[in-house]
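J.: What follows is a single structure, and I will ask about it in a moment.
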Amino acid sequence: MQKGIVSDFETLLAELQEKNIFLNRDLILAARSFLDLN
């Protein structure tokens, strides 16, 4: 996995959270697990 893709993904999550868009807790946990693996 290229670092740029991971950074973009982290930025997207941060933007969604800042805008108070509801995110399923399981989705957040899966995203964190995904980032930890890469």
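Note on naming: chains are A, B, ... as they come in the structure tokens, residues start from 1 per chain, ligands start from 1 in the order shown.
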For A:Leu13, please output as a PyMOL selection string all residues within 9 Å (counting only C-alpha atoms; exclusion window: fewer than 5 positions along the same chain).

T.: chain A and resi 8+18+28+31

J.: Go ahead and save the picked residues with C-alpha atoms, as a PDB file, in the first residue's frame.

T.:
```pdb
ATOM      1  CA  ASP A   8      -5.836  10.267   1.639  1.00  0.00           C
ATOM      2  CA  GLU A  18     -15.340  16.975  11.340  1.00  0.00           C
ATOM      3  CA  ILE A  28     -14.565   3.056  11.815  1.00  0.00           C
ATOM      4  CA  ALA A  31     -10.878   1.420   8.812  1.00  0.00           C
TER       5      ALA A  31
END
```
